[in-house]
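Okay, so here's the structure we're looking at.
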Amino acid sequence: MTTVHIPFLQTGTLAVGGRLLDDAERSVQSHADRPSSLTKGHRACQGCAEALAARWVMDTAVEAADGKLVVANATGCLEVFSTLYPESAWKPPWIHSLFANAAAVATGIAASLHAQGRDDVRVLAQGGDGGTVDIGLAAVSGMFERNDDVLYVCYDNQGYMNTGVQRSSATPASARTATTPAVGRSPGQAFGQGKSMVKIAMAHEIPYVASATVADLRDLEHKVRTAMSIRGARYLHVLVPCPVGWGSSSSQSIALSRAAVQSGIFPVVEARAGELTDVQRIRERADVEEYLRPQARFAHLFKPGGEDALARWRALADANIRRYDLLGERS
Amino acid sequence: MREVLEGSQAVARTVARCRPGVVCAYPISPQTHIVEALSVMARTGELAQCEYVNVESEFSAMSVSIGASAGGSRAYTATASQGLLYMAEAVYNAAGMGLPIVMTVANRAVGAPINIWNDHSDAMAMRDSGWLQLFAADNQEAADLHVIAFAAAEELGMPAMVCMDGFVLTHASDVVELPTAEQIDAFLPPYRPTQALDIQNPTTIGTMAGPESFTETKYLQHLRFLDATGVIASWSDRFREAFGREAGGLVARYDPDTLDRDRMAPPASSDDLVVVAMGSVIGTLQAALEPMRAAGIPVRLVGISSFRPFPGDALREAIGDSRHVMVIDRALELGSGGVLTGCVGRALAGTRSRLHSVVAGLGGRPILEASLQEAVRMALDGELGRLEFLDLKEGGVPTPAAGATEVAR
């Protein structure tokens, strides 16, 4: 009689569930009394990965803070879809001030709590890539540099989706947006532009920097929990596919996140005090096409004339794989 | 205790005695001495239980203040000029969210051309931001106004600017008597935020208001602003009772002969030319007008203490039966005239008053007593136009002659 070994993965990308785990090891979401920080009734689009990520991040942070969490939110999709007066989908104390200042508002809250002797209350700031990488970068950098006791979470959907899908400095090369149309000699976002917020955060040598995706929610949860166990400035960068902006099916958000990681396009890493401490290896290498083809914003890559751009995408993936040793070839 | 102090020191010490929980600022001339002094007090412990936060811009200074105020702390910052404009978006935001932040504005011109000296262009640019704007005539009032500003702002749930002329007041030493910490503790109620980010009572602050509710939100803000007139007057009265001196209020009246501040001074009469002014130029006017009064020239002085809310009723009462008003304006509404004149004109609408706007002291140009006296004489002789620029150099800005290496001074 032949036996087939079937691994029932309880955590990670391919997890089938947490039923075999001890209660304490299960995800926050598996508990009936989960915080539901971002609760029902909000207006996020179908398939919005930002809503999913924000729920997991906030619930984990609320649990890690023993319910004592205050949140500052930048202007953007997350703010607009959750708080149209007189409704609010947020359960924790939550403030939205402006687009560019979530990090500074969070600093103010942390300073206020510290002055009141309330260091038991924790502060989380969150925003999209526009509010973090572009217009809010000075405030984020200032908060990092001072090592203020704030966890800043960027939900990166790679563009200004709330205002109608314009280009941000987190928009990937060749992506079509409303302001980088797929026309002309070099269609879409130009190659060689944009910035890596994870590397910028690491350059500040803050206590903790990590990236994550919604394809591996246990990993996201782990990183939030790790971040919450540390004091000082912490940064978490979460890739959140946007069906509207990316021109993808609303059922594809998880699959695209996974393809981004498995192709080497989006390295999932952890760093402490500026030093890389952990890298999620590619489990089953995917071609960049698996990530690019389901997205209408890259449709021009798969038409005649798109070959060069496709080759440059493969080179980008290869460079990431080398830089972060994503295939584990060096260890 | 009466002592000789620089204006910035007087303000910093008074602010410290108001026990802010968070002080956050970014340096800009001529505000620097205030925040430098506070940073020292935060290190020495004179400013206890207070977080002093150095930030990377004025925009973040106001944003940190917003977070601190919403977090349940008394929050203070200071700025001027370009800094005030750089934080403009957050200035409006703080008012819209009803956060009683107090900010000193060390009034300075706004470029270009860049100019670090005093006028009121910066504060005037924020006149519709929803902040109370209280103007100090001298260093004593600048210090005292901060106590009143915290009290009024916190009662109203509305932020307050204390405007003091840059360099002219901030960097000038004068005799002052500062309120003691004990006096302020007895006078200023403890900070009780009307809304705060409280884990016991979670609230959502800063929601989006659509067309169905935005007008009503602004209307309520407007009604609250109308309440502010009474609240400022009330706290100024209480201040006078507690400290035995005048500070703030809505409109400052001056004795017809001594030109000393006197709230019991009679309104102007129909023969009088009334000079309306705001800020430190009031001191110059007191000196300039006193000998004119002694010579029998019918001229009166009225000061604007609260620019926002603008005290139309109190101003009309002080102007009395006079129908001849000259406004000394420290900021220019391009193509129109003085900013303050516009507000005075609106308050006097329907009174058939003759109004002169005298734009003076832009970008730190000294305002001379003799020039003010000449303007008053011309107004009384019917020779002063509706809009005049005091001591304007005819022929424009001096330019270097060909081959010259520097501008002749």
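Residue numbering restarts at 1 for every chain of the structure tokens, chains are lettered A, B, ... in their displayed order, and ligands are numbered from 1 as they appear.
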
Q: Using only C-alpha atoms, find the residues of chain A whose closest atom to chain B is at most 9 Å away, then write them as a VMD selection string.
A: chain A and resid 67 to 72 79 to 80 82 to 98 100 to 117 121 138 to 139 141 to 143 146

Output N, CA and C atoms for every residue in that selection, as a short mmCIF file (atom, residue, chain, number, x, y, z; two decimals), in the first residue's frame.
data_model
loop_
_atom_site.label_atom_id
_atom_site.label_comp_id
_atom_site.auth_asym_id
_atom_site.auth_seq_id
_atom_site.Cartn_x
_atom_site.Cartn_y
_atom_site.Cartn_z
N GLY A 67 -6.38 46.52 23.04
CA GLY A 67 -7.55 47.38 22.82
C GLY A 67 -7.24 48.86 22.89
N LYS A 68 -6.00 49.21 23.22
CA LYS A 68 -5.68 50.64 23.40
C LYS A 68 -4.92 51.16 22.19
N LEU A 69 -5.63 51.38 21.12
CA LEU A 69 -5.02 51.85 19.88
C LEU A 69 -5.73 53.09 19.37
N VAL A 70 -4.94 54.09 18.95
CA VAL A 70 -5.48 55.31 18.34
C VAL A 70 -4.90 55.39 16.93
N VAL A 71 -5.74 55.81 15.97
CA VAL A 71 -5.33 55.75 14.57
C VAL A 71 -5.42 57.13 13.90
N ALA A 72 -4.37 57.49 13.17
CA ALA A 72 -4.39 58.70 12.32
C ALA A 72 -4.35 58.24 10.87
N GLU A 79 -9.83 56.48 3.73
CA GLU A 79 -10.53 57.49 4.52
C GLU A 79 -11.92 57.76 3.91
N VAL A 80 -11.95 57.90 2.59
CA VAL A 80 -13.20 58.30 1.93
C VAL A 80 -14.25 57.18 2.02
N SER A 82 -14.62 54.96 4.20
CA SER A 82 -14.97 54.50 5.55
C SER A 82 -15.68 55.55 6.39
N THR A 83 -15.64 56.81 5.99
CA THR A 83 -16.14 57.85 6.91
C THR A 83 -16.91 58.96 6.22
N LEU A 84 -17.92 58.63 5.48
CA LEU A 84 -18.77 59.69 4.91
C LEU A 84 -19.80 60.07 5.96
N TYR A 85 -19.69 61.30 6.47
CA TYR A 85 -20.57 61.77 7.53
C TYR A 85 -22.04 61.53 7.17
N PRO A 86 -22.85 61.05 8.07
CA PRO A 86 -22.62 60.82 9.51
C PRO A 86 -22.24 59.38 9.86
N GLU A 87 -21.68 58.65 8.91
CA GLU A 87 -21.34 57.27 9.19
C GLU A 87 -19.84 57.11 9.37
N SER A 88 -19.48 56.05 10.11
CA SER A 88 -18.07 55.71 10.26
C SER A 88 -17.96 54.21 10.40
N ALA A 89 -16.99 53.62 9.72
CA ALA A 89 -16.80 52.17 9.80
C ALA A 89 -15.69 51.80 10.78
N TRP A 90 -15.18 52.82 11.51
CA TRP A 90 -14.05 52.56 12.40
C TRP A 90 -14.50 52.38 13.84
N LYS A 91 -13.98 51.35 14.48
CA LYS A 91 -14.30 51.15 15.90
C LYS A 91 -13.30 51.81 16.83
N PRO A 92 -11.99 51.79 16.52
CA PRO A 92 -11.06 52.48 17.44
C PRO A 92 -11.19 54.00 17.28
N PRO A 93 -10.67 54.77 18.26
CA PRO A 93 -10.60 56.21 18.08
C PRO A 93 -9.76 56.51 16.83
N TRP A 94 -10.28 57.33 15.97
CA TRP A 94 -9.70 57.47 14.63
C TRP A 94 -9.79 58.93 14.21
N ILE A 95 -8.72 59.46 13.61
CA ILE A 95 -8.76 60.85 13.14
C ILE A 95 -8.21 60.94 11.72
N HIS A 96 -8.91 61.71 10.92
CA HIS A 96 -8.39 62.09 9.60
C HIS A 96 -8.19 63.59 9.61
N SER A 97 -6.98 64.03 9.28
CA SER A 97 -6.74 65.47 9.21
C SER A 97 -6.56 65.88 7.76
N LEU A 98 -5.41 65.54 7.16
CA LEU A 98 -5.13 65.97 5.79
C LEU A 98 -4.45 64.83 5.02
N ALA A 100 -1.32 64.97 3.56
CA ALA A 100 0.14 64.85 3.70
C ALA A 100 0.61 64.71 5.14
N ASN A 101 -0.30 64.71 6.11
CA ASN A 101 0.19 64.88 7.49
C ASN A 101 -0.12 63.75 8.46
N ALA A 102 -0.53 62.58 7.98
CA ALA A 102 -0.90 61.51 8.92
C ALA A 102 0.24 61.18 9.88
N ALA A 103 1.47 61.15 9.37
CA ALA A 103 2.62 60.81 10.23
C ALA A 103 2.80 61.87 11.31
N ALA A 104 2.65 63.15 10.94
CA ALA A 104 2.85 64.23 11.91
C ALA A 104 1.70 64.28 12.92
N VAL A 105 0.48 64.02 12.47
CA VAL A 105 -0.66 63.98 13.40
C VAL A 105 -0.43 62.85 14.41
N ALA A 106 0.07 61.71 13.91
CA ALA A 106 0.36 60.58 14.79
C ALA A 106 1.43 60.94 15.80
N THR A 107 2.45 61.67 15.36
CA THR A 107 3.49 62.16 16.28
C THR A 107 2.87 63.01 17.37
N GLY A 108 1.95 63.88 16.97
CA GLY A 108 1.28 64.74 17.95
C GLY A 108 0.47 63.95 18.96
N ILE A 109 -0.21 62.91 18.47
CA ILE A 109 -1.00 62.07 19.38
C ILE A 109 -0.06 61.35 20.36
N ALA A 110 1.03 60.81 19.81
CA ALA A 110 1.99 60.08 20.66
C ALA A 110 2.60 61.01 21.70
N ALA A 111 2.94 62.23 21.28
CA ALA A 111 3.52 63.21 22.22
C ALA A 111 2.51 63.55 23.31
N SER A 112 1.26 63.72 22.89
CA SER A 112 0.20 64.05 23.84
C SER A 112 0.01 62.93 24.86
N LEU A 113 -0.04 61.69 24.36
CA LEU A 113 -0.23 60.55 25.26
C LEU A 113 0.94 60.42 26.22
N HIS A 114 2.16 60.65 25.70
CA HIS A 114 3.35 60.54 26.55
C HIS A 114 3.31 61.61 27.65
N ALA A 115 2.91 62.83 27.25
CA ALA A 115 2.84 63.91 28.24
C ALA A 115 1.80 63.60 29.31
N GLN A 116 0.76 62.85 28.93
CA GLN A 116 -0.29 62.48 29.90
C GLN A 116 0.07 61.22 30.69
N GLY A 117 1.25 60.66 30.39
CA GLY A 117 1.64 59.42 31.07
C GLY A 117 0.86 58.21 30.59
N VAL A 121 -1.25 53.47 25.68
CA VAL A 121 -2.05 53.64 24.46
C VAL A 121 -1.09 53.76 23.28
N ALA A 138 7.76 64.02 3.51
CA ALA A 138 8.51 64.84 4.46
C ALA A 138 8.07 64.54 5.89
N ALA A 139 6.77 64.44 6.08
CA ALA A 139 6.26 64.17 7.44
C ALA A 139 6.61 62.76 7.89
N SER A 141 9.23 61.00 6.85
CA SER A 141 10.67 61.01 7.10
C SER A 141 10.99 61.69 8.44
N GLY A 142 10.28 62.78 8.73
CA GLY A 142 10.49 63.47 10.01
C GLY A 142 10.13 62.58 11.19
N MET A 143 9.02 61.88 11.05
CA MET A 143 8.59 60.97 12.12
C MET A 143 9.61 59.85 12.32
N ARG A 146 12.98 61.25 13.94
CA ARG A 146 12.88 61.53 15.38
C ARG A 146 12.63 60.25 16.18
#

Q: Within 7 Å of region 218-231 of chain A, counting only C-alpha atoms, which residues show up once you throw out same-chain ones fewer than 2 positions away? Write them as a PyMOL selection string, please.
A: chain A and resi 11-12+27+56-57+60-61+64+149+208+210+212-213+216+233-234

(Q) Would you pick out the contacts of region 132-149 of chain B at 7 Å or less, using only C-alpha atoms, so that residues sharing its chain but fewer than 4 positions from it are not included, and give the list as a ChimeraX atom specification? (A) /B:7,10-11,14-15,18,102,153,159-164,169,174,176-177,235-236,247-248,278-280,282-283,305-309

Just to be explicit: take each residue in the selection above, keep N, CA and C atoms, and write the result as an mmCIF file, in the first residue's frame.
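Result file out-v5.cif:
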data_model
loop_
_atom_site.group_PDB
_atom_site.id
_atom_site.type_symbol
_atom_site.label_atom_id
_atom_site.label_comp_id
_atom_site.auth_asym_id
_atom_site.auth_seq_id
_atom_site.Cartn_x
_atom_site.Cartn_y
_atom_site.Cartn_z
ATOM 1 N N GLY B 7 10.305 90.737 24.217
ATOM 2 C CA GLY B 7 8.928 90.305 23.971
ATOM 3 C C GLY B 7 8.812 88.796 23.827
ATOM 4 N N ALA B 10 9.014 87.149 27.185
ATOM 5 C CA ALA B 10 7.782 87.377 27.949
ATOM 6 C C ALA B 10 6.693 86.409 27.499
ATOM 7 N N VAL B 11 6.596 86.229 26.179
ATOM 8 C CA VAL B 11 5.581 85.320 25.647
ATOM 9 C C VAL B 11 5.913 83.877 26.012
ATOM 10 N N THR B 14 5.184 83.118 29.639
ATOM 11 C CA THR B 14 3.738 83.087 29.910
ATOM 12 C C THR B 14 3.121 81.810 29.354
ATOM 13 N N VAL B 15 3.531 81.442 28.137
ATOM 14 C CA VAL B 15 3.014 80.200 27.545
ATOM 15 C C VAL B 15 3.371 79.013 28.437
ATOM 16 N N CYS B 18 1.140 78.563 31.219
ATOM 17 C CA CYS B 18 -0.196 78.058 30.864
ATOM 18 C C CYS B 18 -0.191 76.524 30.792
ATOM 19 N N VAL B 102 -3.333 77.055 20.424
ATOM 20 C CA VAL B 102 -2.944 78.472 20.467
ATOM 21 C C VAL B 102 -1.610 78.623 19.741
ATOM 22 N N ALA B 153 -10.177 80.075 23.579
ATOM 23 C CA ALA B 153 -10.123 79.002 22.582
ATOM 24 C C ALA B 153 -10.733 77.722 23.148
ATOM 25 N N PRO B 159 -9.471 77.315 17.569
ATOM 26 C CA PRO B 159 -8.073 77.716 17.769
ATOM 27 C C PRO B 159 -7.897 79.233 17.766
ATOM 28 N N ALA B 160 -6.806 79.682 18.371
ATOM 29 C CA ALA B 160 -6.574 81.128 18.497
ATOM 30 C C ALA B 160 -5.145 81.495 18.128
ATOM 31 N N MET B 161 -5.013 82.550 17.340
ATOM 32 C CA MET B 161 -3.710 83.144 17.030
ATOM 33 C C MET B 161 -3.533 84.377 17.885
ATOM 34 N N VAL B 162 -2.358 84.481 18.495
ATOM 35 C CA VAL B 162 -1.983 85.745 19.111
ATOM 36 C C VAL B 162 -0.966 86.383 18.183
ATOM 37 N N CYS B 163 -1.341 87.527 17.613
ATOM 38 C CA CYS B 163 -0.488 88.182 16.628
ATOM 39 C C CYS B 163 0.298 89.297 17.307
ATOM 40 N N MET B 164 1.623 89.227 17.186
ATOM 41 C CA MET B 164 2.479 90.289 17.734
ATOM 42 C C MET B 164 3.484 90.674 16.659
ATOM 43 N N LEU B 169 8.026 93.968 18.338
ATOM 44 C CA LEU B 169 7.685 93.482 19.678
ATOM 45 C C LEU B 169 8.532 92.269 20.059
ATOM 46 N N ASP B 174 11.242 95.459 26.996
ATOM 47 C CA ASP B 174 10.320 96.428 27.584
ATOM 48 C C ASP B 174 10.030 95.982 29.016
ATOM 49 N N VAL B 176 7.760 94.611 31.687
ATOM 50 C CA VAL B 176 6.522 93.827 31.716
ATOM 51 C C VAL B 176 6.331 93.232 33.105
ATOM 52 N N GLU B 177 5.094 92.892 33.385
ATOM 53 C CA GLU B 177 4.786 92.175 34.624
ATOM 54 C C GLU B 177 4.078 90.891 34.198
ATOM 55 N N TRP B 235 -13.703 86.957 28.791
ATOM 56 C CA TRP B 235 -12.412 86.550 29.364
ATOM 57 C C TRP B 235 -11.494 87.749 29.580
ATOM 58 N N SER B 236 -11.613 88.759 28.713
ATOM 59 C CA SER B 236 -10.798 89.959 28.903
ATOM 60 C C SER B 236 -11.248 90.714 30.146
ATOM 61 N N ALA B 247 -6.195 93.913 28.897
ATOM 62 C CA ALA B 247 -5.543 93.142 27.832
ATOM 63 C C ALA B 247 -6.642 92.587 26.941
ATOM 64 N N GLY B 248 -6.383 92.604 25.670
ATOM 65 C CA GLY B 248 -7.316 91.997 24.729
ATOM 66 C C GLY B 248 -8.614 92.764 24.635
ATOM 67 N N MET B 278 -4.063 98.701 14.480
ATOM 68 C CA MET B 278 -3.966 97.364 15.069
ATOM 69 C C MET B 278 -2.478 97.044 15.247
ATOM 70 N N GLY B 279 -2.122 96.504 16.415
ATOM 71 C CA GLY B 279 -0.725 96.104 16.641
ATOM 72 C C GLY B 279 0.119 97.216 17.220
ATOM 73 N N SER B 280 1.430 97.096 17.049
ATOM 74 C CA SER B 280 2.366 97.982 17.747
ATOM 75 C C SER B 280 2.325 99.419 17.254
ATOM 76 N N ILE B 282 0.000 101.230 17.328
ATOM 77 C CA ILE B 282 -0.818 101.965 18.297
ATOM 78 C C ILE B 282 0.077 102.770 19.238
ATOM 79 N N GLY B 283 1.206 102.195 19.623
ATOM 80 C CA GLY B 283 2.148 102.915 20.495
ATOM 81 C C GLY B 283 2.684 104.161 19.808
ATOM 82 N N SER B 305 -8.430 95.079 18.839
ATOM 83 C CA SER B 305 -7.743 94.033 19.605
ATOM 84 C C SER B 305 -8.075 92.657 19.055
ATOM 85 N N SER B 306 -9.342 92.473 18.679
ATOM 86 C CA SER B 306 -9.760 91.202 18.084
ATOM 87 C C SER B 306 -10.051 91.458 16.610
ATOM 88 N N PHE B 307 -9.186 90.950 15.750
ATOM 89 C CA PHE B 307 -9.437 91.109 14.312
ATOM 90 C C PHE B 307 -10.394 90.036 13.815
ATOM 91 N N ARG B 308 -10.285 88.838 14.394
ATOM 92 C CA ARG B 308 -11.238 87.767 14.108
ATOM 93 C C ARG B 308 -11.650 87.151 15.420
ATOM 94 N N PRO B 309 -12.913 87.173 15.815
ATOM 95 C CA PRO B 309 -14.008 87.783 15.073
ATOM 96 C C PRO B 309 -13.868 89.296 15.021
#

Q. Hey, what's within 8 Å of region 283-294 of chain A if we count only C-alpha atoms and toss same-chain stuff fewer than 6 positions away? As a PyMOL selection string, please?
A. chain A and resi 247-249+256+259-260+262-265+302+313-314+317+327

(Q) Could you go through region 239-361 of chain B and tell me which residues DSSP, when run on the backbone, assigns to helix (DSSP H, G or I), listing them as an MDAnalysis selection string? (A) chainID B and resid 239:243 281:294 312:319 339:347

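Checking B:Arg127, B:Glu3, B:Ser322, B:Phe167 one by one against Thr32 (chain B), counting only C-alpha atoms, you find the shortest gap at B:Phe167.
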
Q. Distance CA of Cys77 (chain A)-CA of Pro241 (chain A), one decimal place?
A. 12.8 Å

Q) If we count only C-alpha atoms, what is near Arg108 (chain B) at a cut-off of 9 Å, once residues fewer than 3 positions away on the same chain are taken out, given as a list in words? A) Ser29, Pro30, Ala80, Ser81, Gln82, Val105, Asn115, Ile116, Trp117, Asn118, Asp119, His120, Ser121, Asp122, Ala123, Asp165, Gly166, Phe167, Gly363 and Gly364 of chain B

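From CA of Asn320 (chain A) back to CA of Leu236 (chain A), the distance works out to 18.8 Å.
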
Q: Report the residues of region 46-292 of chain A whose backbone DSSP state falls under strand (DSSP E), written as a ChimeraX atom specification.
A: /A:69-73,94-96,122-128,151-156,208-213,234-239,269-272,275-279

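Straight-line separation from CA of Gln189 (chain A) to CA of Tyr155 (chain A): 19.9 Å.
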
**Q.** Near-Ala271 (chain A) list (9 Å; only C-alpha atoms; drop same-chain fewer than 4 positions) as a PyMOL selection string
**A.** chain A and resi 202+205-210+275-279

Q: Give me the residues within 9 Å of Cys343 (chain B) as a ChimeraX atom specification, counting only C-alpha atoms and dropping any in the same chain fewer than 4 places off.
A: /B:307,310,312,339,347-348
